[in-house]
$ cat protein04.txt   # compact mmCIF, C-alpha atoms
# COMPACT_ATOMS: atom_id res chain seq x y z
CA MET A 1 39.53 24.62 80.95
CA SER A 2 41.87 27.67 80.71
CA VAL A 3 41.21 31.39 80.48
CA VAL A 4 43.06 33.89 78.27
CA THR A 5 42.22 37.61 78.44
CA ILE A 6 42.78 40.77 76.41
CA GLU A 7 42.61 44.43 77.37
CA ARG A 8 40.26 47.14 76.15
CA LYS A 9 41.66 50.49 75.07
CA VAL A 10 40.25 53.72 76.38
CA LEU A 11 38.92 55.84 73.56
CA ALA A 12 39.75 59.33 74.75
CA LYS A 13 39.45 61.01 71.34
CA ASN A 14 35.95 59.60 70.80
CA ASP A 15 34.86 60.78 74.25
CA GLU A 16 36.12 64.29 73.45
CA ILE A 17 33.99 64.55 70.30
CA ALA A 18 31.04 62.93 72.11
CA ALA A 19 31.27 65.72 74.71
CA GLN A 20 31.15 68.30 71.90
CA ASN A 21 28.04 66.59 70.44
CA ARG A 22 26.43 66.51 73.88
CA ALA A 23 27.06 70.25 74.39
CA ARG A 24 25.38 71.00 71.04
CA PHE A 25 22.36 68.83 71.90
CA GLU A 26 21.98 70.60 75.24
CA GLN A 27 22.35 74.02 73.63
CA HIS A 28 19.44 73.21 71.29
CA GLY A 29 17.38 71.40 73.93
CA ILE A 30 17.45 68.12 71.99
CA PHE A 31 16.92 64.83 73.83
CA VAL A 32 19.04 62.11 72.21
CA PHE A 33 19.00 58.35 72.63
CA ASN A 34 21.25 55.73 71.09
CA ILE A 35 19.43 52.45 70.39
CA VAL A 36 21.63 49.36 70.34
CA SER A 37 21.21 45.57 70.00
CA SER A 38 22.21 42.46 68.11
CA PRO A 39 21.18 42.28 64.44
CA GLY A 40 17.52 41.40 64.02
CA SER A 41 16.30 42.07 67.54
CA GLY A 42 13.83 44.63 66.21
CA LYS A 43 15.38 48.10 66.68
CA THR A 44 13.95 49.50 63.45
CA SER A 45 10.51 47.95 64.04
CA ILE A 46 10.43 49.53 67.51
CA LEU A 47 11.36 52.90 65.98
CA GLU A 48 8.57 52.55 63.40
CA ARG A 49 6.00 51.82 66.11
CA THR A 50 7.41 54.65 68.29
CA LEU A 51 7.27 57.17 65.41
CA GLU A 52 3.64 56.17 64.76
CA ARG A 53 2.79 56.83 68.39
CA LEU A 54 4.71 60.14 68.63
CA ASN A 55 3.43 61.40 65.26
CA GLY A 56 2.34 65.05 65.56
CA LYS A 57 3.35 65.22 69.22
CA LEU A 58 7.15 65.69 68.96
CA ARG A 59 9.58 66.93 66.31
CA VAL A 60 11.76 63.87 65.79
CA ALA A 61 14.84 63.21 63.61
CA VAL A 62 16.69 59.93 63.07
CA ILE A 63 20.29 59.01 62.33
CA GLU A 64 20.52 55.46 60.97
CA GLY A 65 23.78 53.54 61.35
CA ASP A 66 24.31 50.47 59.16
CA VAL A 67 27.21 48.41 57.92
CA GLN A 68 25.64 48.33 54.46
CA THR A 69 22.33 49.27 52.74
CA ASP A 70 19.93 52.11 53.54
CA PHE A 71 16.96 49.77 54.13
CA ASP A 72 16.41 51.05 57.69
CA ALA A 73 16.60 54.72 56.70
CA GLN A 74 14.02 54.05 53.97
CA ARG A 75 11.72 52.38 56.49
CA VAL A 76 12.03 55.24 58.97
CA ALA A 77 11.81 58.05 56.38
CA ARG A 78 8.27 56.86 55.52
CA TYR A 79 7.19 58.44 58.82
CA ASN A 80 8.12 61.89 57.49
CA VAL A 81 10.99 62.50 59.87
CA PRO A 82 14.35 63.95 58.77
CA THR A 83 16.63 60.92 58.39
CA VAL A 84 20.39 60.72 57.84
CA GLN A 85 22.04 57.43 56.88
CA ILE A 86 25.55 56.62 58.09
CA MET A 87 26.95 53.61 56.25
CA THR A 88 30.05 52.25 57.99
CA LEU A 89 31.05 49.86 55.13
CA GLY A 90 32.26 47.15 57.49
CA GLY A 91 32.66 49.30 60.61
CA CYS A 92 31.06 47.57 63.57
CA HIS A 93 29.77 50.58 65.53
CA LEU A 94 29.05 54.30 65.23
CA GLU A 95 31.61 56.77 66.55
CA ALA A 96 31.07 60.31 67.79
CA ASN A 97 32.78 61.89 64.76
CA LEU A 98 30.41 60.09 62.35
CA VAL A 99 27.47 61.49 64.29
CA GLN A 100 29.11 64.94 64.27
CA ASP A 101 29.32 64.72 60.46
CA ALA A 102 25.74 63.50 60.18
CA LEU A 103 24.51 66.49 62.20
CA LYS A 104 25.52 68.79 59.31
CA ASN A 105 22.51 67.38 57.47
CA LEU A 106 19.97 68.18 60.19
CA ASP A 107 18.38 71.46 61.29
CA LEU A 108 19.09 71.28 65.00
CA THR A 109 16.88 74.28 65.76
CA ASN A 110 13.83 72.22 64.81
CA ILE A 111 14.31 68.92 66.66
CA GLN A 112 13.09 67.86 70.12
CA LEU A 113 14.06 64.20 69.94
CA LEU A 114 16.99 62.73 68.00
CA ILE A 115 17.15 58.95 67.73
CA ILE A 116 20.44 57.33 66.73
CA GLU A 117 20.05 53.71 65.62
CA ASN A 118 23.42 52.03 65.97
CA VAL A 119 24.87 49.16 63.93
CA GLY A 120 23.48 45.76 64.98
CA ASN A 121 26.13 44.64 67.44
CA LEU A 122 25.74 43.87 71.13
CA VAL A 123 29.43 44.39 71.92
CA CYS A 124 31.33 47.27 70.29
CA PRO A 125 28.78 50.13 70.45
CA ALA A 126 28.88 49.89 74.27
CA ASN A 127 32.31 51.50 74.29
CA TYR A 128 31.55 54.47 72.04
CA ASP A 129 29.75 57.40 73.57
CA LEU A 130 28.04 59.43 70.82
CA GLY A 131 26.91 62.30 73.04
CA GLU A 132 23.48 60.76 73.76
CA ALA A 133 21.45 61.30 76.92
CA MET A 134 20.80 57.57 77.22
CA LYS A 135 21.43 54.22 75.59
CA VAL A 136 18.45 51.94 74.99
CA VAL A 137 19.36 48.28 74.57
CA VAL A 138 16.92 45.97 72.81
CA LEU A 139 17.03 42.23 73.47
CA SER A 140 14.77 39.82 71.63
CA THR A 141 13.30 36.89 73.58
CA THR A 142 14.68 34.63 70.81
CA GLU A 143 18.24 35.50 71.87
CA GLY A 144 17.85 33.73 75.23
CA ASP A 145 17.70 34.82 78.86
CA ASP A 146 21.47 34.46 79.51
CA LYS A 147 22.55 37.33 77.24
CA PRO A 148 22.83 40.10 79.88
CA LEU A 149 25.41 37.95 81.72
CA LYS A 150 27.29 37.03 78.53
CA TYR A 151 27.39 40.58 77.11
CA PRO A 152 27.36 42.66 80.30
CA GLY A 153 29.06 45.77 78.86
CA MET A 154 26.02 46.97 76.96
CA PHE A 155 23.59 46.30 79.80
CA ARG A 156 25.84 48.18 82.21
CA LYS A 157 25.93 51.25 79.93
CA ALA A 158 22.22 51.28 79.07
CA SER A 159 19.50 53.21 80.91
CA VAL A 160 16.63 51.30 79.31
CA LEU A 161 16.15 47.65 78.32
CA ILE A 162 13.42 46.84 75.82
CA ILE A 163 12.65 43.11 75.78
CA ASN A 164 11.17 42.67 72.32
CA LYS A 165 9.28 39.85 70.54
CA ILE A 166 7.42 38.84 73.70
CA ASP A 167 4.80 37.31 71.38
CA LEU A 168 7.36 34.55 70.65
CA LEU A 169 7.80 33.54 74.31
CA PRO A 170 5.64 30.40 73.95
CA TYR A 171 7.98 29.06 71.25
CA VAL A 172 11.47 29.81 72.58
CA SER A 173 13.49 28.72 75.59
CA CYS A 174 13.63 32.13 77.26
CA ASP A 175 12.32 32.71 80.76
CA LEU A 176 11.24 36.34 81.14
CA THR A 177 11.78 36.36 84.93
CA THR A 178 15.31 34.96 84.55
CA LEU A 179 16.08 37.43 81.76
CA LYS A 180 15.01 40.40 83.88
CA ARG A 181 16.83 39.09 86.95
CA ASN A 182 20.02 38.66 84.89
CA ALA A 183 19.71 42.16 83.42
CA LEU A 184 19.06 43.79 86.80
CA GLN A 185 21.95 41.86 88.35
CA ILE A 186 24.24 43.58 85.82
CA ASN A 187 22.51 46.96 86.13
CA PRO A 188 19.91 47.44 88.90
CA ALA A 189 19.02 50.91 87.55
CA LEU A 190 17.73 49.59 84.19
CA LYS A 191 14.21 50.70 83.27
CA VAL A 192 12.64 47.65 81.60
CA PHE A 193 9.88 47.55 78.95
CA GLU A 194 8.39 44.44 77.34
CA THR A 195 7.23 44.85 73.76
CA SER A 196 6.03 43.11 70.64
CA CYS A 197 6.01 44.96 67.33
CA THR A 198 3.64 42.31 65.97
CA THR A 199 0.93 42.66 68.63
CA LYS A 200 2.04 46.23 69.58
CA ALA A 201 2.11 45.18 73.25
CA GLY A 202 4.12 47.58 75.39
CA ILE A 203 4.69 50.14 72.62
CA ASP A 204 2.39 52.76 74.17
CA GLU A 205 4.00 52.39 77.60
CA TRP A 206 7.50 52.85 76.15
CA SER A 207 6.50 55.71 73.83
CA ASP A 208 4.60 57.60 76.52
CA TRP A 209 7.49 57.20 78.98
CA LEU A 210 9.85 58.52 76.28
CA MET A 211 7.51 61.45 75.53
CA GLN A 212 7.53 62.33 79.20
CA LYS A 213 11.37 62.12 79.27
CA VAL A 214 11.71 64.47 76.27
CA THR A 215 9.20 67.09 77.36
CA SER A 216 9.88 67.24 81.08
CA MET B 217 19.28 61.27 53.06
CA SER B 218 23.09 61.55 53.22
CA VAL B 219 25.83 58.95 53.41
CA VAL B 220 28.99 59.16 55.52
CA THR B 221 31.62 56.41 55.32
CA ILE B 222 34.62 55.16 57.27
CA GLU B 223 37.55 53.01 56.26
CA ARG B 224 38.56 49.58 57.50
CA LYS B 225 42.15 48.90 58.47
CA VAL B 226 44.02 45.92 57.12
CA LEU B 227 45.12 43.63 59.92
CA ALA B 228 48.43 42.38 58.65
CA LYS B 229 49.78 41.27 62.02
CA ASN B 230 46.71 39.14 62.71
CA ASP B 231 46.97 37.53 59.28
CA GLU B 232 50.59 36.65 59.95
CA ILE B 233 49.75 34.77 63.17
CA ALA B 234 46.71 33.18 61.50
CA ALA B 235 49.06 31.79 58.85
CA GLN B 236 51.23 30.29 61.61
CA ASN B 237 48.16 28.69 63.21
CA ARG B 238 47.05 27.33 59.82
CA ALA B 239 50.49 25.78 59.23
CA ARG B 240 50.30 24.04 62.61
CA PHE B 241 46.82 22.71 61.91
CA GLU B 242 47.97 21.35 58.54
CA GLN B 243 51.06 19.80 60.09
CA HIS B 244 48.85 17.86 62.53
CA GLY B 245 46.12 17.10 60.00
CA ILE B 246 43.49 19.00 62.01
CA PHE B 247 40.40 20.36 60.26
CA VAL B 248 39.36 23.65 61.86
CA PHE B 249 36.22 25.70 61.51
CA ASN B 250 35.34 29.05 63.02
CA ILE B 251 31.63 29.37 63.85
CA VAL B 252 30.28 32.92 63.88
CA SER B 253 26.90 34.65 64.32
CA SER B 254 24.94 37.27 66.25
CA PRO B 255 24.36 36.59 69.95
CA GLY B 256 21.61 34.05 70.51
CA SER B 257 21.35 32.58 67.01
CA GLY B 258 22.16 29.14 68.41
CA LYS B 259 25.89 28.49 67.80
CA THR B 260 26.38 26.59 71.05
CA SER B 261 23.18 24.58 70.62
CA ILE B 262 24.32 23.57 67.14
CA LEU B 263 27.68 22.50 68.56
CA GLU B 264 25.95 20.43 71.25
CA ARG B 265 23.81 18.64 68.63
CA THR B 266 26.86 18.20 66.37
CA LEU B 267 28.98 16.73 69.20
CA GLU B 268 26.16 14.30 70.00
CA ARG B 269 26.11 13.14 66.39
CA LEU B 270 29.91 12.91 66.02
CA ASN B 271 30.37 11.20 69.40
CA GLY B 272 32.80 8.30 69.06
CA LYS B 273 33.38 8.95 65.37
CA LEU B 274 35.87 11.84 65.48
CA ARG B 275 38.37 13.22 68.00
CA VAL B 276 37.04 16.74 68.52
CA ALA B 277 38.28 19.72 70.58
CA VAL B 278 36.59 23.08 71.12
CA ILE B 279 37.85 26.61 71.75
CA GLU B 280 35.08 28.80 73.18
CA GLY B 281 35.27 32.57 72.71
CA ASP B 282 33.10 34.73 74.93
CA VAL B 283 33.04 38.32 76.12
CA GLN B 284 32.22 37.14 79.62
CA THR B 285 31.24 33.91 81.44
CA ASP B 286 32.21 30.32 80.67
CA PHE B 287 28.61 29.15 80.25
CA ASP B 288 29.24 27.91 76.70
CA ALA B 289 32.45 26.03 77.60
CA GLN B 290 30.56 24.32 80.44
CA ARG B 291 27.80 23.27 78.03
CA VAL B 292 30.27 21.89 75.49
CA ALA B 293 32.56 20.20 78.03
CA ARG B 294 29.64 17.94 79.02
CA TYR B 295 30.25 16.10 75.74
CA ASN B 296 33.67 14.98 76.99
CA VAL B 297 35.70 16.97 74.47
CA PRO B 298 38.79 18.98 75.43
CA THR B 299 37.55 22.57 75.78
CA VAL B 300 39.49 25.82 76.19
CA GLN B 301 37.71 29.04 77.17
CA ILE B 302 38.94 32.38 75.84
CA MET B 303 37.29 35.25 77.68
CA THR B 304 37.81 38.55 75.86
CA LEU B 305 36.48 40.76 78.72
CA GLY B 306 34.81 43.23 76.39
CA GLY B 307 36.69 42.30 73.22
CA CYS B 308 34.26 41.89 70.34
CA HIS B 309 35.98 39.11 68.38
CA LEU B 310 38.67 36.46 68.64
CA GLU B 311 42.10 37.19 67.17
CA ALA B 312 44.69 34.74 65.88
CA ASN B 313 47.06 35.34 68.81
CA LEU B 314 44.34 34.41 71.33
CA VAL B 315 43.81 31.15 69.48
CA GLN B 316 47.58 30.61 69.37
CA ASP B 317 47.66 30.99 73.17
CA ALA B 318 44.68 28.68 73.60
CA LEU B 319 46.42 25.95 71.57
CA LYS B 320 48.98 25.60 74.37
CA ASN B 321 46.22 23.90 76.36
CA LEU B 322 45.36 21.30 73.71
CA ASP B 323 47.17 18.13 72.63
CA LEU B 324 47.29 18.77 68.87
CA THR B 325 48.52 15.25 68.14
CA ASN B 326 45.17 13.86 69.24
CA ILE B 327 42.62 16.06 67.44
CA GLN B 328 40.94 15.56 64.06
CA LEU B 329 38.43 18.39 64.26
CA LEU B 330 38.90 21.68 66.12
CA ILE B 331 35.86 23.91 66.47
CA ILE B 332 36.37 27.57 67.39
CA GLU B 333 33.20 29.29 68.58
CA ASN B 334 33.65 33.01 68.13
CA VAL B 335 32.13 35.85 70.18
CA GLY B 336 28.49 36.57 69.26
CA ASN B 337 28.96 39.34 66.72
CA LEU B 338 27.96 39.36 63.06
CA VAL B 339 30.40 42.13 62.13
CA CYS B 340 33.90 42.14 63.62
CA PRO B 341 34.87 38.45 63.50
CA ALA B 342 34.58 38.59 59.68
CA ASN B 343 37.82 40.55 59.49
CA TYR B 344 39.93 38.31 61.73
CA ASP B 345 41.34 35.15 60.20
CA LEU B 346 42.18 32.66 62.97
CA GLY B 347 43.84 30.09 60.74
CA GLU B 348 40.65 28.07 60.18
CA ALA B 349 39.87 26.02 57.07
CA MET B 350 36.39 27.54 56.87
CA LYS B 351 34.01 29.96 58.55
CA VAL B 352 30.49 28.75 59.33
CA VAL B 353 27.97 31.55 59.77
CA VAL B 354 24.76 30.83 61.68
CA LEU B 355 21.69 32.99 61.10
CA SER B 356 18.48 32.49 63.05
CA THR B 357 15.17 32.86 61.21
CA THR B 358 14.17 35.29 63.97
CA GLU B 359 16.81 37.77 62.77
CA GLY B 360 15.00 38.36 59.46
CA ASP B 361 15.68 37.56 55.82
CA ASP B 362 17.44 40.88 55.03
CA LYS B 363 20.50 40.24 57.21
CA PRO B 364 22.88 38.87 54.51
CA LEU B 365 22.46 42.17 52.62
CA LYS B 366 22.84 44.31 55.74
CA TYR B 367 25.91 42.45 57.10
CA PRO B 368 27.52 41.22 53.87
CA GLY B 369 31.09 40.93 55.15
CA MET B 370 30.47 37.78 57.16
CA PHE B 371 28.46 36.06 54.43
CA ARG B 372 31.19 36.86 51.90
CA LYS B 373 33.87 35.26 54.10
CA ALA B 374 31.88 32.17 55.11
CA SER B 375 31.90 28.80 53.32
CA VAL B 376 28.79 27.51 55.08
CA LEU B 377 25.52 29.16 56.16
CA ILE B 378 23.41 27.39 58.77
CA ILE B 379 19.91 28.82 58.92
CA ASN B 380 18.83 27.90 62.43
CA LYS B 381 15.53 27.93 64.34
CA ILE B 382 13.53 26.89 61.27
CA ASP B 383 10.88 25.60 63.71
CA LEU B 384 10.05 29.28 64.41
CA LEU B 385 9.31 30.14 60.75
CA PRO B 386 5.51 30.09 61.25
CA TYR B 387 5.80 32.80 63.90
CA VAL B 388 8.32 35.28 62.44
CA SER B 389 8.41 37.51 59.37
CA CYS B 390 11.25 35.69 57.63
CA ASP B 391 10.88 34.23 54.16
CA LEU B 392 13.28 31.32 53.73
CA THR B 393 13.45 31.66 49.93
CA THR B 394 14.27 35.37 50.22
CA LEU B 395 16.85 34.70 52.93
CA LYS B 396 18.65 32.12 50.78
CA ARG B 397 18.45 34.31 47.68
CA ASN B 398 19.95 37.24 49.62
CA ALA B 399 22.74 35.08 51.04
CA LEU B 400 23.61 33.55 47.66
CA GLN B 401 23.54 37.00 46.05
CA ILE B 402 26.34 38.01 48.44
CA ASN B 403 28.18 34.68 48.12
CA PRO B 404 27.03 32.20 45.45
CA ALA B 405 29.47 29.56 46.77
CA LEU B 406 27.80 29.28 50.19
CA LYS B 407 26.80 25.77 51.23
CA VAL B 408 23.45 26.16 53.01
CA PHE B 409 21.94 23.99 55.76
CA GLU B 410 18.59 24.52 57.49
CA THR B 411 18.42 23.38 61.10
CA SER B 412 16.41 23.41 64.30
CA CYS B 413 18.07 22.43 67.56
CA THR B 414 14.60 21.97 69.06
CA THR B 415 13.29 19.45 66.49
CA LYS B 416 16.83 18.38 65.43
CA ALA B 417 15.86 18.95 61.78
CA GLY B 418 18.89 19.24 59.51
CA ILE B 419 21.43 18.34 62.22
CA ASP B 420 22.28 14.96 60.70
CA GLU B 421 22.77 16.44 57.20
CA TRP B 422 25.12 19.11 58.54
CA SER B 423 27.05 16.74 60.83
CA ASP B 424 27.45 14.07 58.17
CA TRP B 425 28.63 16.64 55.61
CA LEU B 426 31.13 17.91 58.20
CA MET B 427 32.30 14.36 59.00
CA GLN B 428 32.92 13.81 55.28
CA LYS B 429 34.86 17.11 55.10
CA VAL B 430 37.11 16.15 58.03
CA THR B 431 37.86 12.58 56.96
CA SER B 432 38.24 13.07 53.20
$ encode --input "protein04.txt" --output "structure tokens"
Amino acid sequence: MSVVTIERKVLAKNDEIAAQNRARFEQHGIFVFNIVSSPGSGKTSILERTLERLNGKLRVAVIEGDVQTDFDAQRVARYNVPTVQIMTLGGCHLEANLVQDALKNLDLTNIQLLIIENVGNLVCPANYDLGEAMKVVVLSTTEGDDKPLKYPGMFRKASVLIINKIDLLPYVSCDLTTLKRNALQINPALKVFETSCTTKAGIDEWSDWLMQKVTS
Amino acid sequence: MSVVTIERKVLAKNDEIAAQNRARFEQHGIFVFNIVSSPGSGKTSILERTLERLNGKLRVAVIEGDVQTDFDAQRVARYNVPTVQIMTLGGCHLEANLVQDALKNLDLTNIQLLIIENVGNLVCPANYDLGEAMKVVVLSTTEGDDKPLKYPGMFRKASVLIINKIDLLPYVSCDLTTLKRNALQINPALKVFETSCTTKAGIDEWSDWLMQKVTS
């Protein structure tokens, strides 16, 4: 068995625009998180359940990033929150300048929490700072307990790990203890939540923690 | 709701090296497929089941692409096939030059089927030809039936779709008819298999079809 490696480029220009975004968010007192995961791990479902729970308590806006379609923006917009769709048309991640453009369509003076849902991709979005206060990585139990070790970049950059679809644990070969141990080995500072959007388990804990984060 | 778009660059250099790889594969009569999917959809499990079925019938070699770890190469090497690990260390897809380098570690005169397992990523690998005869995209039922419409690039480029984890259908909100309709809407030429690596459903059909492809 042989090993071949490639190098990663530093994205200085993106970081510069991300810093500008971050300064604007701070100026307006907006808490921003960037939610990332593989396709189909349940990011949008978690946002739907979170928006239900935060309804009437916080002024929330959402930026939806997708390769194609505005399905997710349509789902989120039902919760009566200002929603901007970024369609990357093949692009595999959001970049800070796309978020900067999207902000033109939001009234920043009237937002407490801005949620940016990234393209479904567990690799590339890790390298692109958007100006957020934290990254939230979602991992579905169906993806297997080895994923934090195989895709460490994202888990290293994230502040929060949401382990989703815990209702499927009886049917998949994923050991929750191993998964958490692997994630914390990569990033011991990770705050971990366990959720199911089907049974709503863990949604209140996550939403209330988030509420506390935004208002404190 | 507003839409912002970005452009995709054409990767001429990669295509040039992919053409060189393809010429070498043809020269040696090697059938090559590139297996792609999101993290955790079951690519490696499908390869394990396929290698079991093809054992003794075909001379197979495997190139494993991973961001980090050689877990998958270790799993595959148990089946006594020559295995080369490419570790991208953060890179989100394989490129033709990485495969070209990996080929130095394989005896091309003694291979009928070469399987290249790409990095778990449903977006980026679509744009990088490696010189393969076909792309096989794996989608797990747990990812949801809307994914072909949301990530059309990969489904457009693939010749085969393997819908995996069909044993989980009773527990997830994925309609198999809708999934297939969405996939065939993007690419009517897709050959579709339905598999479970837990029950082994569909593995023989896929493996026998592949065997036929390689030897015909």
$ closest_atom_pairs --input "protein04.txt" --of "segment 371-402 of chain B" --to "segment 29-43 of chain A" --cutoff "12 Å" --atoms "only C-alpha atoms" --output "Markdown table"
| residue | atom | partner | partner_atom | distance |
| --- | --- | --- | --- | --- |
| B:Val388 | CA | A:Gly40 | CA | 11.2 |
| B:Ser389 | CA | A:Gly40 | CA | 10.9 |
| B:Cys390 | CA | A:Gly40 | CA | 10.6 |
$ interface_residues --input "protein04.txt" --of "chain B" --to "chain A" --cutoff "8 Å" --atoms "only C-alpha atoms" --output "PyMOL selection string"
chain B and resi 217-224+254-257+282-285+289+298-308+314+317-318+321+337-340+358-360+363+365-369+384+387
$ write_last_selection --input "protein04.txt" --atoms "C-alpha atoms" --output "mmCIF file, in the coordinates of the input"
data_model
loop_
_atom_site.group_PDB
_atom_site.id
_atom_site.type_symbol
_atom_site.label_atom_id
_atom_site.label_comp_id
_atom_site.auth_asym_id
_atom_site.auth_seq_id
_atom_site.Cartn_x
_atom_site.Cartn_y
_atom_site.Cartn_z
ATOM 1 C CA MET B 217 19.280 61.270 53.060
ATOM 2 C CA SER B 218 23.090 61.550 53.220
ATOM 3 C CA VAL B 219 25.830 58.950 53.410
ATOM 4 C CA VAL B 220 28.990 59.160 55.520
ATOM 5 C CA THR B 221 31.620 56.410 55.320
ATOM 6 C CA ILE B 222 34.620 55.160 57.270
ATOM 7 C CA GLU B 223 37.550 53.010 56.260
ATOM 8 C CA ARG B 224 38.560 49.580 57.500
ATOM 9 C CA SER B 254 24.940 37.270 66.250
ATOM 10 C CA PRO B 255 24.360 36.590 69.950
ATOM 11 C CA GLY B 256 21.610 34.050 70.510
ATOM 12 C CA SER B 257 21.350 32.580 67.010
ATOM 13 C CA ASP B 282 33.100 34.730 74.930
ATOM 14 C CA VAL B 283 33.040 38.320 76.120
ATOM 15 C CA GLN B 284 32.220 37.140 79.620
ATOM 16 C CA THR B 285 31.240 33.910 81.440
ATOM 17 C CA ALA B 289 32.450 26.030 77.600
ATOM 18 C CA PRO B 298 38.790 18.980 75.430
ATOM 19 C CA THR B 299 37.550 22.570 75.780
ATOM 20 C CA VAL B 300 39.490 25.820 76.190
ATOM 21 C CA GLN B 301 37.710 29.040 77.170
ATOM 22 C CA ILE B 302 38.940 32.380 75.840
ATOM 23 C CA MET B 303 37.290 35.250 77.680
ATOM 24 C CA THR B 304 37.810 38.550 75.860
ATOM 25 C CA LEU B 305 36.480 40.760 78.720
ATOM 26 C CA GLY B 306 34.810 43.230 76.390
ATOM 27 C CA GLY B 307 36.690 42.300 73.220
ATOM 28 C CA CYS B 308 34.260 41.890 70.340
ATOM 29 C CA LEU B 314 44.340 34.410 71.330
ATOM 30 C CA ASP B 317 47.660 30.990 73.170
ATOM 31 C CA ALA B 318 44.680 28.680 73.600
ATOM 32 C CA ASN B 321 46.220 23.900 76.360
ATOM 33 C CA ASN B 337 28.960 39.340 66.720
ATOM 34 C CA LEU B 338 27.960 39.360 63.060
ATOM 35 C CA VAL B 339 30.400 42.130 62.130
ATOM 36 C CA CYS B 340 33.900 42.140 63.620
ATOM 37 C CA THR B 358 14.170 35.290 63.970
ATOM 38 C CA GLU B 359 16.810 37.770 62.770
ATOM 39 C CA GLY B 360 15.000 38.360 59.460
ATOM 40 C CA LYS B 363 20.500 40.240 57.210
ATOM 41 C CA LEU B 365 22.460 42.170 52.620
ATOM 42 C CA LYS B 366 22.840 44.310 55.740
ATOM 43 C CA TYR B 367 25.910 42.450 57.100
ATOM 44 C CA PRO B 368 27.520 41.220 53.870
ATOM 45 C CA GLY B 369 31.090 40.930 55.150
ATOM 46 C CA LEU B 384 10.050 29.280 64.410
ATOM 47 C CA TYR B 387 5.800 32.800 63.900
#
$ closest_residue --input "protein04.txt" --among "A:Val138, A:Gln112, A:Leu176, A:Tyr128" --to "Ser216 of chain A" --atoms "only C-alpha atoms"
A:Gln112
$ residues_near_point --input "protein04.txt" --point "(27.7, 21.9, 68.9)" --cutoff "10 Å" --atoms "all atoms listed in the file" --output "list in words"
Ile251, Gly258, Lys259, Thr260, Ser261, Ile262, Leu263, Glu264, Arg265, Thr266, Leu267, Glu268, Arg269, Leu270, Val278, Asp288, Arg291, Val292, Tyr295, Ile331, Glu333, Cys413, Ile419 and Ser423 of chain B
$ write_last_selection --input "protein04.txt" --atoms "C-alpha atoms" --output "PDB file, in the coordinates of the input"
ATOM      1  CA  ILE B 251      31.630  29.370  63.850  1.00  0.00           C
ATOM      2  CA  GLY B 258      22.160  29.140  68.410  1.00  0.00           C
ATOM      3  CA  LYS B 259      25.890  28.490  67.800  1.00  0.00           C
ATOM      4  CA  THR B 260      26.380  26.590  71.050  1.00  0.00           C
ATOM      5  CA  SER B 261      23.180  24.580  70.620  1.00  0.00           C
ATOM      6  CA  ILE B 262      24.320  23.570  67.140  1.00  0.00           C
ATOM      7  CA  LEU B 263      27.680  22.500  68.560  1.00  0.00           C
ATOM      8  CA  GLU B 264      25.950  20.430  71.250  1.00  0.00           C
ATOM      9  CA  ARG B 265      23.810  18.640  68.630  1.00  0.00           C
ATOM     10  CA  THR B 266      26.860  18.200  66.370  1.00  0.00           C
ATOM     11  CA  LEU B 267      28.980  16.730  69.200  1.00  0.00           C
ATOM     12  CA  GLU B 268      26.160  14.300  70.000  1.00  0.00           C
ATOM     13  CA  ARG B 269      26.110  13.140  66.390  1.00  0.00           C
ATOM     14  CA  LEU B 270      29.910  12.910  66.020  1.00  0.00           C
ATOM     15  CA  VAL B 278      36.590  23.080  71.120  1.00  0.00           C
ATOM     16  CA  ASP B 288      29.240  27.910  76.700  1.00  0.00           C
ATOM     17  CA  ARG B 291      27.800  23.270  78.030  1.00  0.00           C
ATOM     18  CA  VAL B 292      30.270  21.890  75.490  1.00  0.00           C
ATOM     19  CA  TYR B 295      30.250  16.100  75.740  1.00  0.00           C
ATOM     20  CA  ILE B 331      35.860  23.910  66.470  1.00  0.00           C
ATOM     21  CA  GLU B 333      33.200  29.290  68.580  1.00  0.00           C
ATOM     22  CA  CYS B 413      18.070  22.430  67.560  1.00  0.00           C
ATOM     23  CA  ILE B 419      21.430  18.340  62.220  1.00  0.00           C
ATOM     24  CA  SER B 423      27.050  16.740  60.830  1.00  0.00           C
TER      25      SER B 423
END
$ residues_around --input "protein04.txt" --residues "Arg156 of chain A" --least-positions-apart "5" --cutoff "9 Å" --atoms "only C-alpha atoms" --output "PyMOL selection string"
chain A and resi 126+148+183+186-188+190
$ closest_residue --input "protein04.txt" --among "B:Thr325, B:Gln316, B:Thr431, B:Asn334" --to "Ala235 of chain B" --atoms "only C-alpha atoms"
B:Gln316
$ atom_distance --input "protein04.txt" --atom1 "atom CA of Ile379 of chain B" --atom2 "atom CA of Phe409 of chain B"
6.1 Å
$ residues_near_point --input "protein04.txt" --point "(1.6, 64.9, 62.0)" --cutoff "9 Å" --atoms "only C-alpha atoms" --output "compact mmCIF listing (two decimals) with C-alpha atoms, in the coordinates of the input"
# COMPACT_ATOMS: atom_id res chain seq x y z
CA LEU A 54 4.71 60.14 68.63
CA ASN A 55 3.43 61.40 65.26
CA GLY A 56 2.34 65.05 65.56
CA LYS A 57 3.35 65.22 69.22
CA LEU A 58 7.15 65.69 68.96
CA ASN A 80 8.12 61.89 57.49
$ atom_distance --input "protein04.txt" --atom1 "atom CA of Leu210 of chain A" --atom2 "atom CA of Arg78 of chain A"
20.9 Å
$ closest_residue --input "protein04.txt" --among "B:Ala417, B:Ile378, B:Ile332, B:Val276" --to "Ala312 of chain B" --atoms "all atoms listed in the file"
B:Ile332
$ atom_distance --input "protein04.txt" --atom1 "atom CA of Met350 of chain B" --atom2 "atom CA of Val376 of chain B"
7.8 Å
